[in-house]
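The structure under discussion appears below in the form of structure tokens.
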Amino acid sequence: MLTSICFASFLESTVVPIPLETALIPLMQARREKLWMIATVTTIGCLIGAVIGYVVGLYLFDWLREPIMQYITNEQQFAQFQTQIEAHGFWFIFSTGVTPIPLQVAMLLAGLTDYSFALYMLAVASSRCVRYFGIAILVYYFGNKAEEVIRRHKYKALIGISIILVAIVLSQIWLA
């Protein structure tokens with residue numbers, strides 16, 4: 001079971017942009033004795049996928065650099081984009097890890113811009129720990145009512161997290 005959830009998390013973070021929570025919550029509710037192990041293994045699967053996503057972005061850009069610069073952007077615009085990612089990449093990556101935005105977007109952009117691998121992994125790990133261990137905490141405290149609690153407060157939580165992330169990014173811009 002743990003190997004399967006690790007593999008499912010790997011797939012979700014790399015090629016299947018369907019939130020794992022639809023399977024994770026019932027699994028955690030059914031296997032409460034393994035609640036923390038499920039959250040840990042899910043996070044590990046995502047991190048393995050994050051490494052691969054970063055590497056794909058890194059090498060994909062090398063392979064597609066010429067057509068991208070010819071048809072989509074130019075070196076100056078790309079350099080400006082890289083500067084923005086360097087300045088705010090952590091929070092961008094973190095936000096894709098805790099919101100429904102597919103993590104694949106952040107993976108590819110981080111690799112594409114050669115963003116610091118250590119900061120990238122820290123952002124992915126911390127955001128996915130918030131997400132998966134947050135679900136585990138809800139299941140721990142609310143048991144079979146966790147799905148109802150999540151469903152009832154999901155949009156409020158997303159709005160709150162989004163406001164906090166926007167405030168952090170804006171404060172970094174103003175302080176720079």
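Ordered as shown in the structure tokens, chains take letters A, B, and onward, while each chain numbers its residues from 1 and ligands are numbered from 1 in the order shown.
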**Message:** Could you list, as a list in words, every residue within 10 Å of A:Val55, counting only C-alpha atoms and ignoring same-chain residues fewer than 2 positions away?
**Reply:**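 What passes the distance filter is Gly49, Ala50, Val51, Ile52, Gly53, Gly57, Leu58, Tyr59, Leu60, Phe61, Met107, Leu108, Ala110, Gly111, Leu112, Asp114 and Phe117 of chain A.
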**Item:** Contact residues around A:Val139 with only C-alpha atoms at 12 Å, ignoring same-chain residues under 3 positions, as a VMD selection string
**Value:** chain A and resid 21 24 to 36 38 to 39 132 to 136 142 to 150
**Item:** Closest of A:Ala106, A:Phe7, A:Thr113, A:Cys129 to A:Arg65 - atom-to-atom distances counting only C-alpha atoms
**Value:** A:Thr113
**Request:** Work out how far apart atom CA of A:Met121 and atom CA of A:Leu64 are and give it in Å to one decimal.
**Result:**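 We find that atom CA of A:Met121 and atom CA of A:Leu64 lie 24.1 Å from each other.
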**Contacts of A:Gly45 within 8 Å, only C-alpha atoms, excl. fewer than 3 positions in-chain, as a list in words** =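 These residues fall inside the cut-off: Ile5, Cys6, Phe7, Ala8, Ser9, Phe10, Val41, Thr42, Ile48 and Gly49 of chain A.
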**Prompt:** What is the distance between atom CA of A:Ser116 and atom CA of A:Phe90, in Å to one decimal?
**Reply:**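 These two atoms are separated by 9.3 Å.
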**Prompt:** Which distance in Å separates atom CA of A:Ala79 and atom CA of A:Ile93, to one decimal?
**Reply:** 18.7 Å
**Nearest residue to A:Gln104 from the set A:Thr43, A:Tyr54, A:Tyr141, A:Ser4 (distances using only C-alpha atoms)** =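 Residue with the minimum atom-to-atom distance to A:Gln104: A:Tyr54.
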**Message:** For A:Tyr115, find every residue with an atom within 8 Å (counting only C-alpha atoms), except residues of its own chain fewer than 6 positions away, and show them as a ChimeraX atom specification.
**Reply:** /A:85-86,89
**Request:** Can you work out which one of A:Ser126, A:Gln77, A:Ser13, A:Thr3 has the shortest atom-to-atom distance to A:Pro100, counting only C-alpha atoms?
**Result:**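 Of A:Ser126, A:Gln77, A:Ser13, A:Thr3, the one nearest A:Pro100 is A:Ser13, counting only C-alpha atoms.
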